[in-house]
Each structure stands twice: as C-alpha cells, then as structure tokens.
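To start, the structure itself, in structure tokens.
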Amino acid sequence: MGTFHSDKGDLHGMTVVVRTNGPRVYVGRCDEHRPDGIILNDVDHHDDGQDGKTTDQYLEFASKYGVFKKHDRFVVPQDEIASVTRLGEL
Amino acid sequence: MPYPEEMVAPMRAEVVDLGVQELRTAAEVKEAMANSTGTALYFINSVCGCAAGSARPGLKIALGNDNKPAKIGTVFAGQDREATDAARGAASQFPPSSPSVVLFKNGEPVFYMPRHQIEGRDAPSVAFELVGAFDEFCS
C-alpha cells in the first residue's frame with residue numbers, strides 16, 4: 001500500500017533530530033526542509049541539562065522510544081540549524 | 001481529520017486478513033486487554049506510507065514465525081481515535097507513535113517498536129526485529 005505524501009524531499013515523513021548551534025535539540029517528523037528552515041510536525045525539544053539530562057541522554061531515550069511532543073508544528077530557522085539526521089539512524 | 005473510509009479500508013483489510021482482531025472502540029480494546037495472561041501484540045495501524053507501508057507487510061512476515069503472541073489486535077490511529085487512545089493508554093510510558101507495535105507479556109509491555117524505527121526500512125527488516133521479540137518473549 002503506497003504513500004499519500006507529495007514530493008517534499010527525502011526527509012518528508014521521517015522523524016529527525018535537528019541539532020542547533022546552541023544547547024537546544026529538536027526531534028520531530030519532517031514535513032519539508034526548505035532553504036529558510038525545516039518544518040517539523042509532532043515536535044519535542046530539549047535543552048542540554050534540562051531535567052537533569054544531557055542531550056545525549058535525551059536522544060538515547062528518544063532513539064529507543066520516541067518523544068512526547070510539545071508542539072504540533074514548529075519551524076526551525078535554517079540559520080539556527082547545525083545538522084539534521086534521522087532519529088532511526090542514531 | 002480522518003481519511004475517507006474507502007481509502008483506509010484496504011489498509012485495515014491488510015492486517016485483518018492476517019487473522020488480527022480489529023478493535024474499533026475503546027470498549028473493544030478494554031475487553032481484549034482484560035485478560036492479560038500470556039502474550040498479546042497490538043499493532044497501531046496508520047495511513048502513512050513512510051512507515052506503515054512496510055510495517056503491515058513486516059507484521060505479516062513476522063506472524064509466520066513459530067513463536068508469536070497468543071493474542072493480536074489492531075487499532076487504526078487517526079481513524080478510530082477512542083480505540084487508539086485506549087490502546088496507547090495501556091502503554092502510556094511510551095510516547096504515542098503510529099504506526100507502532102507494542103508487545104505485552106502478562107499485562108506488562110515488554111517490547112515497543114515506534115514509527116521512527118520503521119521509517120525507511122523494508123518489510124523483512126521490520127519483520128526481523130519483530131521475530132526477535134517474539135522469540136524472546138513468546139517462546
């Protein structure tokens with residue numbers, strides 16, 4: 001059974017980790033990565049050290065179980081993005 | 001907003017045709033989960049082709065394994081919301097995800113495969129993970 005998604009790039013529909021130039025990391029399902037930023041659905045974010053967890057500890061849980069979303073939809077501006085990787089590849 | 005039922009029906013059938021019990025209401029989910037002895041698998045179905053397109057055939061392959069859960073049910077995320085919420089509520093320590101697979105043993109969730117572990121993988125790869133869980137918990 002096929003997909004219903006339009007062509008929005010290879011990351012469309014994939015759960016991704018967006019590392020920023022600062023202490024914050026975002027995890028969400030990529031809708032589209034455009035020149036001005038990445039549009040995410042069902043998004044959580046974590047600041048290094050938040051709730052006593054480092055970014056690595058946060059991502060370790062996320063890679064096993066996923067994330068509890070804080071936002072239905074969120075745009076991370078391109079000038080804040082350090083890297084985008086698939087959560088399933090961590 | 002749910003998809004039109006005629007669009008979703010083949011995706012329901014793809015799972016139900018495996019002998020999986022479809023649970024359309026919260027009451028049906030609670031009844032199915034009432035007897036928690038033994039092993040039970042719940043498949044959270046989804047329209048998304050990025051993951052569900054390999055999750056359903058992956059489940060089909062996995063259910064051909066000698067070891068498999070005694071009970072197998074499915075709910076459809078985004079379509080049967082109350083049923084999906086009820087199924088997710090039984091494993092609320094895990095973030096909601098669809099499609100996803102949760103395996104219970106004696107009422108306790110012992111294995112969880114969320115959507116991001118399915119995305120980009122083919123059906124045999126998904127089946128490989130499920131069979132590993134079946135052999136560990138259902139033998």
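By order of appearance in the structure tokens: chains A, B, ..., then residues from 1 within every chain, and ligands from 1 in the order shown.
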
May I ask you to extract the residues of chain B within 12 Å of chain A, using only C-alpha atoms, and to give them as a PyMOL selection string? chain B and resi 3+7-15+46-57+91-98+100-102+111-121+123

Could you dump the residues just selected with C-alpha atoms as a compact mmCIF listing (two decimals), in the first residue's frame?
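File produced: selection_11.txt:
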# COMPACT_ATOMS: atom_id res chain seq x y z
CA TYR B 3 -9.24 9.89 5.93
CA MET B 7 -9.23 4.90 1.33
CA VAL B 8 -8.47 3.26 4.64
CA ALA B 9 -10.41 0.03 4.16
CA PRO B 10 -7.66 -1.79 2.21
CA MET B 11 -5.16 -0.92 4.95
CA ARG B 12 -7.48 -2.32 7.58
CA ALA B 13 -8.00 -5.44 5.49
CA GLU B 14 -4.26 -5.93 5.01
CA VAL B 15 -3.98 -6.51 8.76
CA SER B 46 -1.63 4.19 10.13
CA VAL B 47 -2.15 5.54 6.65
CA CYS B 48 1.40 6.85 6.40
CA GLY B 49 3.28 5.12 3.64
CA CYS B 50 6.64 6.26 5.02
CA ALA B 51 6.37 3.64 7.73
CA ALA B 52 3.06 1.78 7.64
CA GLY B 53 3.75 0.66 4.08
CA SER B 54 6.49 -1.59 5.43
CA ALA B 55 5.03 -2.16 8.90
CA ARG B 56 1.98 -4.07 7.66
CA PRO B 57 3.86 -6.50 5.39
CA ALA B 91 1.49 1.51 27.39
CA SER B 92 1.49 5.15 28.39
CA GLN B 93 5.14 5.10 29.42
CA PHE B 94 5.93 5.11 25.71
CA PRO B 95 5.36 8.21 23.58
CA PRO B 96 2.40 7.85 21.20
CA SER B 97 3.50 6.75 17.75
CA SER B 98 1.84 5.45 14.62
CA SER B 100 3.86 1.22 16.07
CA VAL B 101 3.90 -2.20 17.67
CA VAL B 102 3.68 -2.99 21.36
CA PHE B 111 8.72 -4.56 23.54
CA TYR B 112 7.94 -1.38 21.65
CA MET B 113 8.66 -0.53 18.05
CA PRO B 114 7.79 3.11 17.40
CA ARG B 115 7.38 4.66 13.98
CA HIS B 116 10.90 6.05 13.68
CA GLN B 117 12.31 2.53 13.96
CA ILE B 118 10.17 1.53 10.96
CA GLU B 119 10.71 4.54 8.70
CA GLY B 120 12.92 3.83 5.74
CA ARG B 121 13.14 0.10 6.44
CA ALA B 123 9.28 -5.26 5.42

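In this comparison, which uses only C-alpha atoms, the residue of B:Ala90, B:Leu103, B:Val16, B:Ala83 approaching Ala133 (chain B) most closely is B:Leu103.
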
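Separating CA of Phe137 (chain B) from CA of Leu18 (chain B) is a distance of 20.5 Å.
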
Please provide as a PyMOL selection string all residues within 10 Å of Asp79 (chain A), with the sequence filter that same-chain residues fewer than 6 positions apart are discarded (counting only C-alpha atoms). chain A and resi 20-21+35-37

Could you jot down the CA of Pro23 (chain A) to CA of Lys53 (chain A) separation for me, Å, one decimal place? 12.1 Å

Chain B: which residues are strand (DSSP E) by DSSP, as number ranges by chain? B: 21-22, 39-45, 71-76, 100-105, 108-113

Mind writing the picked residues with N, CA, C and O atoms as a compact mmCIF listing (two decimals), in the first residue's frame?
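So the final result, stored in out-v1.txt, reads:
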# COMPACT_ATOMS: atom_id res chain seq x y z
N GLN B 21 -7.31 -9.29 15.23
CA GLN B 21 -8.60 -8.76 15.66
C GLN B 21 -8.60 -7.24 15.58
O GLN B 21 -7.79 -6.58 16.25
N GLU B 22 -9.49 -6.69 14.79
CA GLU B 22 -9.59 -5.24 14.71
C GLU B 22 -10.46 -4.72 15.84
O GLU B 22 -11.56 -5.23 16.08
N THR B 39 0.84 -13.61 26.22
CA THR B 39 1.40 -12.57 25.37
C THR B 39 0.34 -12.00 24.45
O THR B 39 -0.55 -12.71 23.97
N ALA B 40 0.44 -10.71 24.21
CA ALA B 40 -0.51 -10.03 23.32
C ALA B 40 0.23 -8.92 22.59
O ALA B 40 1.03 -8.19 23.18
N LEU B 41 -0.04 -8.82 21.31
CA LEU B 41 0.57 -7.76 20.49
C LEU B 41 -0.52 -6.84 19.98
O LEU B 41 -1.60 -7.30 19.57
N TYR B 42 -0.23 -5.55 20.02
CA TYR B 42 -1.17 -4.58 19.45
C TYR B 42 -0.43 -3.75 18.39
O TYR B 42 0.64 -3.19 18.65
N PHE B 43 -1.02 -3.73 17.22
CA PHE B 43 -0.45 -3.00 16.08
C PHE B 43 -1.26 -1.72 15.89
O PHE B 43 -2.47 -1.77 15.65
N ILE B 44 -0.58 -0.59 16.01
CA ILE B 44 -1.23 0.70 15.78
C ILE B 44 -1.08 0.99 14.30
O ILE B 44 0.01 1.37 13.84
N ASN B 45 -2.13 0.80 13.55
CA ASN B 45 -2.10 0.97 12.11
C ASN B 45 -2.13 2.46 11.76
O ASN B 45 -2.53 3.30 12.57
N LYS B 71 -2.31 -13.47 21.48
CA LYS B 71 -3.40 -12.59 21.04
C LYS B 71 -2.81 -11.44 20.22
O LYS B 71 -1.76 -10.91 20.56
N ILE B 72 -3.51 -11.08 19.17
CA ILE B 72 -3.03 -9.99 18.32
C ILE B 72 -4.21 -9.10 17.95
O ILE B 72 -5.21 -9.59 17.41
N GLY B 73 -4.07 -7.82 18.27
CA GLY B 73 -5.13 -6.88 17.96
C GLY B 73 -4.58 -5.68 17.22
O GLY B 73 -3.37 -5.45 17.18
N THR B 74 -5.47 -4.92 16.62
CA THR B 74 -5.04 -3.72 15.91
C THR B 74 -6.06 -2.60 16.09
O THR B 74 -7.27 -2.86 16.18
N VAL B 75 -5.55 -1.40 16.18
CA VAL B 75 -6.39 -0.20 16.15
C VAL B 75 -5.85 0.69 15.04
O VAL B 75 -4.69 0.53 14.62
N PHE B 76 -6.67 1.62 14.56
CA PHE B 76 -6.24 2.46 13.45
C PHE B 76 -6.14 3.91 13.92
O PHE B 76 -7.15 4.56 14.16
N SER B 100 2.97 1.74 15.04
CA SER B 100 3.86 1.22 16.07
C SER B 100 3.36 -0.15 16.48
O SER B 100 2.24 -0.55 16.14
N VAL B 101 4.22 -0.85 17.19
CA VAL B 101 3.90 -2.20 17.67
C VAL B 101 4.26 -2.26 19.14
O VAL B 101 5.37 -1.84 19.52
N VAL B 102 3.36 -2.77 19.95
CA VAL B 102 3.68 -2.99 21.36
C VAL B 102 3.31 -4.42 21.72
O VAL B 102 2.25 -4.92 21.34
N LEU B 103 4.25 -5.06 22.39
CA LEU B 103 4.07 -6.45 22.80
C LEU B 103 3.97 -6.50 24.32
O LEU B 103 4.82 -5.94 25.02
N PHE B 104 2.92 -7.13 24.80
CA PHE B 104 2.69 -7.27 26.25
C PHE B 104 2.94 -8.73 26.65
O PHE B 104 2.64 -9.66 25.89
N LYS B 105 3.46 -8.90 27.85
CA LYS B 105 3.55 -10.23 28.44
C LYS B 105 2.99 -10.14 29.85
O LYS B 105 3.49 -9.36 30.67
N GLU B 108 2.23 -6.61 30.98
CA GLU B 108 3.30 -5.60 31.01
C GLU B 108 3.90 -5.44 29.62
O GLU B 108 4.23 -6.44 28.97
N PRO B 109 4.06 -4.20 29.16
CA PRO B 109 4.72 -4.01 27.86
C PRO B 109 6.19 -4.40 27.93
O PRO B 109 6.92 -3.94 28.81
N VAL B 110 6.60 -5.29 27.03
CA VAL B 110 7.98 -5.79 27.07
C VAL B 110 8.75 -5.42 25.80
O VAL B 110 9.97 -5.61 25.73
N PHE B 111 8.05 -4.91 24.81
CA PHE B 111 8.72 -4.56 23.54
C PHE B 111 7.90 -3.47 22.87
O PHE B 111 6.67 -3.52 22.85
N TYR B 112 8.62 -2.48 22.34
CA TYR B 112 7.94 -1.38 21.65
C TYR B 112 8.73 -1.02 20.41
O TYR B 112 9.94 -0.81 20.47
N MET B 113 8.04 -0.98 19.31
CA MET B 113 8.66 -0.53 18.05
C MET B 113 7.91 0.70 17.57
O MET B 113 6.82 0.59 16.98

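Taking chain A and asking which residues DSSP calls alpha helix (DSSP H) on the backbone, you get Thr55, Asp56, Gln57, Tyr58, Leu59, Glu60, Phe61, Ala62, Ser63, Lys64 and Tyr65 of chain A.
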
At a cut-off of 12 Å, using only C-alpha atoms, what residues contact Gly9 (chain A)? Leave out same-chain residues fewer than 5 positions from it and give the result as a VMD selection string. chain A and resid 14 30 to 34 38 to 39

For the selection you just gave me, I'd like the residues written to a file as a JSON list (two decimals), in the first residue's frame, keeping N, CA and C atoms.
[["chain", "number", "residue", "atom", "x", "y", "z"],
["A", 14, "MET", "N", 9.85, 11.55, 7.72],
["A", 14, "MET", "CA", 10.84, 10.88, 8.57],
["A", 14, "MET", "C", 11.01, 11.64, 9.89],
["A", 30, "CYS", "N", 9.68, 15.33, 9.99],
["A", 30, "CYS", "CA", 9.95, 16.36, 8.98],
["A", 30, "CYS", "C", 8.81, 16.44, 7.97],
["A", 31, "ASP", "N", 8.31, 17.66, 7.81],
["A", 31, "ASP", "CA", 7.36, 17.88, 6.72],
["A", 31, "ASP", "C", 8.14, 18.30, 5.48],
["A", 32, "GLU", "N", 8.97, 19.31, 5.65],
["A", 32, "GLU", "CA", 9.73, 19.79, 4.50],
["A", 32, "GLU", "C", 10.96, 20.56, 4.98],
["A", 33, "HIS", "N", 12.08, 20.31, 4.33],
["A", 33, "HIS", "CA", 13.29, 21.08, 4.62],
["A", 33, "HIS", "C", 13.50, 22.05, 3.46],
["A", 34, "ARG", "N", 13.26, 23.31, 3.75],
["A", 34, "ARG", "CA", 13.34, 24.35, 2.72],
["A", 34, "ARG", "C", 14.58, 25.22, 2.97],
["A", 38, "ILE", "N", 13.48, 24.22, 8.50],
["A", 38, "ILE", "CA", 12.86, 22.89, 8.44],
["A", 38, "ILE", "C", 11.53, 22.93, 9.18],
["A", 39, "ILE", "N", 10.51, 22.39, 8.56],
["A", 39, "ILE", "CA", 9.17, 22.35, 9.14],
["A", 39, "ILE", "C", 8.98, 20.98, 9.75]]

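We find CA of Pro99 (chain B) and CA of Leu59 (chain B) to be spaced 11.3 Å apart.
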
Find the spatial neighbours of Val27 (chain A), counting only C-alpha atoms, within a cut-off of 6 Å - ignore same-chain residues fewer than 6 positions away - and output them as an NGL selection string. :A and (16-17 or 43-44)

From the list B:Ala87, B:Asp80, B:Pro69, B:Gly58, the nearest residue to Glu31 (chain B) using only C-alpha atoms is B:Ala87
